[in-house]
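One file, target_27.pdb, carrying PDB, C-alpha atoms, pLDDT in the B column:
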ATOM      1  CA  MET A1161      21.653  21.441  92.290  1.00 60.00           C
ATOM      2  CA  MET A1162      18.300  23.099  92.466  1.00 62.00           C
ATOM      3  CA  SER A1163      16.191  23.872  89.453  1.00 71.00           C
ATOM      4  CA  SER A1164      15.055  27.433  88.747  1.00 72.00           C
ATOM      5  CA  ASP A1165      11.529  26.483  89.828  1.00 72.00           C
ATOM      6  CA  GLU A1166      12.823  25.274  93.183  1.00 67.00           C
ATOM      7  CA  VAL A1167      14.828  28.471  93.661  1.00 64.00           C
ATOM      8  CA  ASN A1168      11.729  30.574  92.858  1.00 67.00           C
ATOM      9  CA  ILE A1169       9.673  28.603  95.366  1.00 66.00           C
ATOM     10  CA  LEU A1170      12.313  29.179  98.086  1.00 62.00           C
ATOM     11  CA  ASP A1171      12.504  32.894  97.232  1.00 65.00           C
ATOM     12  CA  SER A1172       8.740  33.230  97.498  1.00 64.00           C
ATOM     13  CA  ILE A1173       8.770  31.568 100.915  1.00 64.00           C
ATOM     14  CA  ASN A1174      11.671  33.550 102.356  1.00 57.00           C
ATOM     15  CA  PRO A1175      12.944  36.515 100.310  1.00 50.00           C
ATOM     16  CA  VAL A1176      16.195  36.905 102.223  1.00 50.00           C
ATOM     17  CA  VAL A1177      18.371  37.608  99.198  1.00 47.00           C
ATOM     18  CA  GLU A1178      17.071  41.177  98.816  1.00 51.00           C
ATOM     19  CA  GLU A1179      17.789  41.954 102.474  1.00 51.00           C
ATOM     20  CA  ILE A1180      21.317  40.599 102.170  1.00 49.00           C
ATOM     21  CA  ASP A1181      21.958  42.579  98.990  1.00 51.00           C
ATOM     22  CA  SER A1182      20.757  45.809 100.617  1.00 50.00           C
ATOM     23  CA  PHE A1183      23.025  45.134 103.601  1.00 47.00           C
ATOM     24  CA  PHE A1184      26.119  44.815 101.414  1.00 49.00           C
ATOM     25  CA  GLU A1185      25.190  47.880  99.369  1.00 52.00           C
ATOM     26  CA  ALA A1186      25.102  50.137 102.427  1.00 47.00           C
ATOM     27  CA  THR A1187      27.494  53.023 101.898  1.00 47.00           C
ATOM     28  CA  GLU A1188      27.852  54.085 105.501  1.00 46.00           C
ATOM     29  CA  ILE A1189      28.331  52.028 108.628  1.00 41.00           C
ATOM     30  CA  PRO A1190      27.027  53.728 111.769  1.00 40.00           C
ATOM     31  CA  LYS A1191      29.742  54.663 114.228  1.00 40.00           C
ATOM     32  CA  LEU A1192      29.397  53.209 117.692  1.00 36.00           C
ATOM     33  CA  THR A1193      30.398  55.370 120.613  1.00 37.00           C
ATOM     34  CA  PRO A1194      32.190  53.580 123.443  1.00 43.00           C
ATOM     35  CA  SER A1195      30.636  53.651 126.871  1.00 45.00           C
ATOM     36  CA  ILE A1196      32.255  55.667 129.619  1.00 44.00           C
ATOM     37  CA  ILE A1197      33.177  52.535 131.561  1.00 52.00           C
ATOM     38  CA  GLU A1198      34.774  49.682 129.708  1.00 67.00           C
ATOM     39  CA  ASP A1199      33.001  46.331 129.624  1.00 87.00           C
ATOM     40  CA  VAL A1200      35.857  44.546 131.391  1.00 91.00           C
ATOM     41  CA  LEU A1201      38.382  45.893 133.909  1.00 93.00           C
ATOM     42  CA  PHE A1202      41.537  43.773 134.151  1.00 95.00           C
ATOM     43  CA  LEU A1203      43.938  44.206 137.088  1.00 96.00           C
ATOM     44  CA  SER A1204      47.290  43.105 135.710  1.00 95.00           C
ATOM     45  CA  ALA A1205      49.665  44.157 138.520  1.00 96.00           C
ATOM     46  CA  ILE A1206      50.096  45.786 141.925  1.00 96.00           C
ATOM     47  CA  LEU A1207      53.313  47.376 143.159  1.00 96.00           C
ATOM     48  CA  TYR A1208      52.710  47.927 146.872  1.00 96.00           C
ATOM     49  CA  ILE A1209      55.216  49.613 149.212  1.00 95.00           C
ATOM     50  CA  ASN A1210      52.853  50.936 151.897  1.00 95.00           C
ATOM     51  CA  GLN A1211      49.413  52.554 152.224  1.00 92.00           C
ATOM     52  CA  SER A1212      50.598  55.843 150.786  1.00 93.00           C
ATOM     53  CA  HIS A1213      52.961  54.501 148.114  1.00 96.00           C
ATOM     54  CA  TRP A1214      51.575  52.049 145.543  1.00 96.00           C
ATOM     55  CA  THR A1215      50.862  51.655 141.841  1.00 96.00           C
ATOM     56  CA  VAL A1216      48.264  49.464 140.137  1.00 97.00           C
ATOM     57  CA  TRP A1217      47.680  48.688 136.453  1.00 96.00           C
ATOM     58  CA  ILE A1218      44.088  48.375 135.241  1.00 94.00           C
ATOM     59  CA  ASN A1219      43.620  47.909 131.474  1.00 92.00           C
ATOM     60  CA  GLU A1220      47.171  49.173 130.882  1.00 91.00           C
ATOM     61  CA  LYS A1221      46.460  52.409 132.753  1.00 94.00           C
ATOM     62  CA  THR A1222      48.415  53.197 135.907  1.00 95.00           C
ATOM     63  CA  TYR A1223      46.882  54.482 139.119  1.00 96.00           C
ATOM     64  CA  THR A1224      48.920  55.683 142.098  1.00 95.00           C
ATOM     65  CA  ALA A1225      48.188  56.793 145.650  1.00 94.00           C
ATOM     66  CA  GLU A1226      48.301  60.406 144.394  1.00 95.00           C
ATOM     67  CA  ASP A1227      46.122  59.644 141.347  1.00 93.00           C
ATOM     68  CA  ALA A1228      43.635  57.022 142.557  1.00 93.00           C
ATOM     69  CA  GLU A1229      40.573  58.369 140.790  1.00 91.00           C
ATOM     70  CA  ASN A1230      39.391  59.194 137.279  1.00 89.00           C
ATOM     71  CA  GLU A1231      36.053  59.735 135.550  1.00 86.00           C
ATOM     72  CA  THR A1232      35.106  56.046 135.773  1.00 86.00           C
ATOM     73  CA  LEU A1233      36.466  54.609 139.015  1.00 90.00           C
ATOM     74  CA  LYS A1234      37.836  55.477 142.438  1.00 93.00           C
ATOM     75  CA  ILE A1235      40.353  53.225 144.193  1.00 95.00           C
ATOM     76  CA  THR A1236      39.673  53.213 147.928  1.00 95.00           C
ATOM     77  CA  LYS A1237      42.146  50.628 149.268  1.00 96.00           C
ATOM     78  CA  VAL A1238      45.240  48.783 148.020  1.00 97.00           C
ATOM     79  CA  THR A1239      47.040  45.824 149.599  1.00 96.00           C
ATOM     80  CA  ASN A1240      49.768  43.442 148.410  1.00 94.00           C
ATOM     81  CA  ASN A1241      47.215  41.103 146.832  1.00 93.00           C
ATOM     82  CA  ASN A1242      44.126  43.113 145.869  1.00 96.00           C
ATOM     83  CA  ILE A1243      42.461  46.478 145.460  1.00 96.00           C
ATOM     84  CA  GLU A1244      39.088  47.847 146.489  1.00 96.00           C
ATOM     85  CA  PHE A1245      37.327  50.376 144.273  1.00 94.00           C
ATOM     86  CA  GLU A1246      33.951  51.710 143.272  1.00 92.00           C
ATOM     87  CA  LEU A1247      32.605  52.446 139.826  1.00 88.00           C
ATOM     88  CA  LYS A1248      31.299  55.981 139.580  1.00 83.00           C
ATOM     89  CA  ASP A1249      28.235  55.353 137.433  1.00 71.00           C
ATOM     90  CA  MET A1250      27.137  52.315 139.434  1.00 63.00           C
ATOM     91  CA  THR A1251      25.964  51.890 142.993  1.00 69.00           C
ATOM     92  CA  LYS A1252      28.443  52.823 145.689  1.00 75.00           C
ATOM     93  CA  LYS A1253      29.205  49.128 146.235  1.00 84.00           C
ATOM     94  CA  ILE A1254      32.884  48.445 146.944  1.00 90.00           C
ATOM     95  CA  ILE A1255      34.400  45.917 144.537  1.00 92.00           C
ATOM     96  CA  LYS A1256      37.413  43.831 145.545  1.00 95.00           C
ATOM     97  CA  LEU A1257      39.677  42.664 142.709  1.00 95.00           C
ATOM     98  CA  SER A1258      42.838  40.548 142.919  1.00 96.00           C
ATOM     99  CA  VAL A1259      45.822  40.526 140.576  1.00 96.00           C
ATOM    100  CA  ASN A1260      45.285  38.719 137.251  1.00 95.00           C
ATOM    101  CA  LYS A1261      41.499  38.917 137.619  1.00 95.00           C
ATOM    102  CA  SER A1262      38.912  40.649 135.458  1.00 94.00           C
ATOM    103  CA  LEU A1263      35.713  42.367 136.474  1.00 92.00           C
ATOM    104  CA  VAL A1264      32.950  42.012 133.902  1.00 90.00           C
ATOM    105  CA  VAL A1265      31.101  45.267 134.590  1.00 86.00           C
ATOM    106  CA  VAL A1266      27.693  43.999 133.510  1.00 84.00           C
ATOM    107  CA  GLY A1267      26.678  41.676 136.315  1.00 82.00           C
ATOM    108  CA  HIS A1268      29.770  42.444 138.432  1.00 85.00           C
ATOM    109  CA  ARG A1269      31.298  39.026 137.757  1.00 90.00           C
ATOM    110  CA  ILE A1270      34.952  38.433 138.606  1.00 92.00           C
ATOM    111  CA  ILE A1271      36.799  35.869 136.508  1.00 93.00           C
ATOM    112  CA  ASP A1272      40.386  34.618 136.324  1.00 93.00           C
ATOM    113  CA  GLY A1273      42.759  36.065 133.760  1.00 92.00           C
ATOM    114  CA  ASP A1274      42.343  38.790 131.161  1.00 90.00           C
ATOM    115  CA  ALA A1275      38.748  38.626 129.885  1.00 88.00           C
ATOM    116  CA  ARG A1276      38.986  41.633 127.570  1.00 84.00           C
ATOM    117  CA  VAL A1277      38.089  40.967 123.957  1.00 75.00           C
ATOM    118  CA  LYS A1278      41.219  40.677 121.881  1.00 71.00           C
ATOM    119  CA  SER A1279      41.250  41.025 118.153  1.00 65.00           C
ATOM    120  CA  LYS A1280      42.515  37.983 116.325  1.00 68.00           C
ATOM    121  CA  PRO A1281      45.532  38.449 114.060  1.00 71.00           C
ATOM    122  CA  VAL A1282      44.815  38.553 110.360  1.00 73.00           C
ATOM    123  CA  LEU A1283      46.165  35.456 108.661  1.00 77.00           C
ATOM    124  CA  LEU A1284      47.186  35.858 105.047  1.00 73.00           C
TER
END
Could you quickly redo this structure as structure tokens?
Amino acid sequence: MMSSDEVNILDSINPVVEEIDSFFEATEIPKLTPSIIEDVLFLSAILYINQSHWTVWINEKTYTAEDAENETLKITKVTNNNIEFELKDMTKKIIKLSVNKSLVVVGHRIIDGDARVKSKPVLL
């Protein structure tokens, strides 16, 4: 254990306790607005019949040949194994993504599996 003199010396060197107390006393937490494009785009499945009849699932949202575009991305080509698309707020670079792959939007890195952040279950 530390004596009261030792605690006072530490507080004088680094008065962190007041900052921590003010953090926990905050009555309002600022609300964060999500960006237009998600941080990670995960291609979970492709159902491909032909060039004019297909469905793909990106982040649990379906896109079809008739509905291949939204406010964030535009699908330009679909095959049995992958899709090609462009992000609307980025450069017009075509991105090729295979099934069960994730695109990390920042840096345009493609990684295996679902890289989206998942909340951990609460254990009681």
Note to self: Considering only C-alpha atoms, can you say which of A:Leu1201, A:Asn1219, A:Val1277, A:Ile1209 comes closest to Glu1246 (chain A)?
What the structure shows: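 Checking each of A:Leu1201, A:Asn1219, A:Val1277, A:Ile1209 against Glu1246 (chain A), counting only C-alpha atoms, the winner is A:Leu1201.
The two atoms in question, CA of Ser1258 (chain A) and CA of Trp1217 (chain A), are spaced 11.5 Å apart.
CA of Arg1269 (chain A) sits 26.8 Å away from CA of Gln1211 (chain A).
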Item checked: Separation of CA of Phe1245 (chain A) from CA of Asp1227 (chain A) in Å ->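 CA of Phe1245 (chain A) lies at a distance of 13.1 Å from CA of Asp1227 (chain A).
Nearest residue to Val1259 (chain A), choosing from A:Ser1204, A:Thr1232, A:Ser1212, A:Thr1222 and counting all atoms listed in the file: A:Ser1204.
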